[in-house]
Amino acid sequence: MFSRAYKAAVTLPPLLWVMAFLLVPYALLFCYSFWSVSSSQTIVHSWTLENYRELFRVNVYLQTLFRSMWIAARVMIFSLLLGYPLAYYLSFYAGARKDLLYQLVIIPLWVSYLVRAYAWKTILGSDGVLNTLLQYVHLTKHPLEFLLYSPFAVVLTLTHIYTPFAFLPIYASLEHIPRNLVEASHDLGASPPQTFWRVIFPLSIPGVLAGATFAFVLSFGDFLAPLLLGGPSGIMISNIVVSLFGAAYNWPLGAAISFCMLLLVLALLLLSEKLEKRWSFR
Amino acid sequence: MTTITEAVVARSSESGVRPLLDIRNVAKSFGKNPVLRDISLQIAEGEFLTILGESGSGKTTLLRIIAGFESADSGEILMEGERLDLLLPYRRRVNTVFQQYALFPHLSVEDNVAYGLRVAKLPKSEIAARVSESLAMVKMSTFAGAKPANISGGQQQRVALARALVNRPRLLLLDEPLSALDANLRRQMQVELKSLQREVGISFVFVTHDQEEAMVMSDRIALLRKGELEQVASPREIYGRPATAYTAQFIGHTNLLRGEVRAGIARCHSLSWKIGLPDGPALFSLRPENIRLVGSATEASFVRVRGTIERQAFHGATDLLQIVCDDGLTLSVRTATRENRQGEVLLEFAPADAVPVRESPDRG
């Protein structure tokens, strides 16, 4: 159909783009993770496993890694708990308001991430909206300190930001369920709750998996929310990577941590893809 | 000839024995668009009733109202004397075979069939026994472990049937279940479905737009036109004695003769015959197979006319001839197959075969 030259002209630019800006940096990252920094702050280009050893020896790295996973897991769970009922309502019961509600979920995505994170700062701060309100109605005497600069604030903000990402694939999978299956279930004597657990939920699992993966992976690698709202107790692994590549000037260690994160995320994506295949039937 | 079911229906309406399903004055509109107007219909125990109609006639809506997926605007439906239309769909002892089968894609054939029994929380041993019995009934036992996506359309059809019948419903609704199958499989399934229905003795309400299918399978046919029942009768009666012009044309092929009756004589173009109808304009349905080509007059009472063969269409066992009579009337005539007929012919038919029909009212 198309000439070789045409095919090359179409496929080469994106291919080169991916090569130049994705594969080459990853390869460099991989190399850096086996190099080291001399005492005079220069990169020593000789191969060593020292960075990986350090990663597993120094407690703060592993602790932060686990905390990040724990924060990401909580964000994932809350996003699903918020996103699933919303998607279910929109898909099955919203009727004529469906399009409007869908837009209302999408519109926040047009607002800059930073603006939304800062918004939480003004809500959760010690003289923020929430604390002022709580004191005004005399629920508390002093501002609640745990609201801001804590893992709580990070989980809350990330849940707010990533719930649409969990919502969208769930909504798509619910929309794809033929409605006559729901009728068939009622016809066979199943009540609405039975129908939900036996038909609707199993058929929406691919969407749930995709949404869970989005929420987990995106929040696991996040560094702005912990930077703005996390405080010392809410530091996440990306913040450490940022400081290692910046002020600490230890690119090799930063690269090693990044590479571990990359492997973790890839393993997760692979797993979720496998599970999704197992649960799709068309 | 009356069938057993007809006799049952007749007896039950005479003696006051209530029918299995009694649809009373059901009407339904979607917005300002009336879909069903004042439908009253009774279904007897063990009967195979077909709701026949063109697309848009309201037949699927009527079925969905019986199943409970739609609610009627007015009227009521009784099953064995109790209100059915007030029950939620999952509380009705009615099961449906859906047009696209609607098998659960994530469940195996076996689990699909077991679905209704599992939600009813029947004992495991009984579920297993009834499921295997149902699968054997539709000859799908060997596919028990297969997923719906991996079996053919005809096989999915059988599973859908087993999944509905395993619940032993009082009434089975079938929404054009054969329309997705190819012609051969379809004819085979028509026969199987009919014998299965006799075997299980459950009342079937079958929806189709295919008049041939309706005639092959049904005890009675309810012909629906633009939301109203045109005629409800056995296939033989609805074919042989259509009540309206629409029925005569929709079921089979017919010649509609427009004429008038005066002093006991029906006249249409140059044709005339004796008839016991009051004076006035009249409409007659004359089936093409009831007109014969003859060499010379056979019986004095028959109506005769001379014509010229204009067209001949081969239909396999029969030919359908288009004949223009000398008086300008065009008639379709069905004859045994013969090669190349041409020229002038003499036609005759018995006056009793010209069935007087009502004009079908024009419904918006």
# chains A, B, ... in the order shown; residues from 1 in each chain; ligands from 1
>>> select_by_dssp(residues="segment 191-305 of chain B", states="alpha helix (DSSP H)", output="PyMOL selection string")
chain B and resi 191-200+211-217+235-240+245-250
>>> interface_residues(of="chain A", to="chain B", cutoff="6 Å", atoms="only C-alpha atoms", output="PDB file with N, CA and C atoms, in the first residue's frame")
ATOM      1  N   ASN A 180     -27.864  -5.602  28.461  1.00  0.00           N
ATOM      2  CA  ASN A 180     -28.742  -6.769  28.494  1.00  0.00           C
ATOM      3  C   ASN A 180     -28.212  -7.841  29.458  1.00  0.00           C
ATOM      4  N   LEU A 181     -26.924  -7.766  29.833  1.00  0.00           N
ATOM      5  CA  LEU A 181     -26.416  -8.696  30.850  1.00  0.00           C
ATOM      6  C   LEU A 181     -27.041  -8.391  32.207  1.00  0.00           C
ATOM      7  N   HIS A 186     -31.232  -9.905  36.280  1.00  0.00           N
ATOM      8  CA  HIS A 186     -32.508  -9.672  36.969  1.00  0.00           C
ATOM      9  C   HIS A 186     -33.520 -10.729  36.541  1.00  0.00           C
ATOM     10  N   ASP A 187     -33.514 -11.028  35.250  1.00  0.00           N
ATOM     11  CA  ASP A 187     -34.454 -12.005  34.698  1.00  0.00           C
ATOM     12  C   ASP A 187     -34.278 -13.367  35.362  1.00  0.00           C
ATOM     13  N   LEU A 188     -33.028 -13.688  35.721  1.00  0.00           N
ATOM     14  CA  LEU A 188     -32.746 -14.990  36.332  1.00  0.00           C
ATOM     15  C   LEU A 188     -32.944 -14.957  37.840  1.00  0.00           C
ATOM     16  N   GLY A 189     -33.484 -13.852  38.342  1.00  0.00           N
ATOM     17  CA  GLY A 189     -33.867 -13.810  39.745  1.00  0.00           C
ATOM     18  C   GLY A 189     -32.859 -13.141  40.664  1.00  0.00           C
ATOM     19  N   ALA A 190     -31.804 -12.545  40.104  1.00  0.00           N
ATOM     20  CA  ALA A 190     -30.800 -11.908  40.951  1.00  0.00           C
ATOM     21  C   ALA A 190     -31.250 -10.497  41.323  1.00  0.00           C
ATOM     22  N   PHE A 281     -12.815 -10.573  28.526  1.00  0.00           N
ATOM     23  CA  PHE A 281     -13.461 -11.708  27.882  1.00  0.00           C
ATOM     24  C   PHE A 281     -13.882 -11.440  26.451  1.00  0.00           C
TER      25      PHE A 281
END
>>> residues_around(residues="Leu90 of chain A", least_positions_apart="5", cutoff="8 Å", atoms="only C-alpha atoms", output="mmCIF file with C-alpha atoms, in the first residue's frame")
data_model
loop_
_atom_site.group_PDB
_atom_site.id
_atom_site.type_symbol
_atom_site.label_atom_id
_atom_site.label_comp_id
_atom_site.auth_asym_id
_atom_site.auth_seq_id
_atom_site.Cartn_x
_atom_site.Cartn_y
_atom_site.Cartn_z
ATOM 1 C CA GLY A 95 -29.230 9.390 33.006
ATOM 2 C CA LYS A 98 -24.158 11.865 32.659
ATOM 3 C CA LEU A 101 -21.042 15.040 35.573
ATOM 4 C CA TYR A 102 -18.371 13.496 33.378
ATOM 5 C CA TYR A 171 -15.955 4.307 33.967
#
>>> residues_around(residues="segment 255-267 of chain B", least_positions_apart="2", cutoff="7 Å", atoms="only C-alpha atoms", output="MDAnalysis selection string")
chainID B and resid 269 271:288 331:332
>>> closest_residue(among="A:Val265, A:Pro14, A:Leu218, A:Ser33", to="Leu55 of chain A", atoms="only C-alpha atoms")
A:Ser33
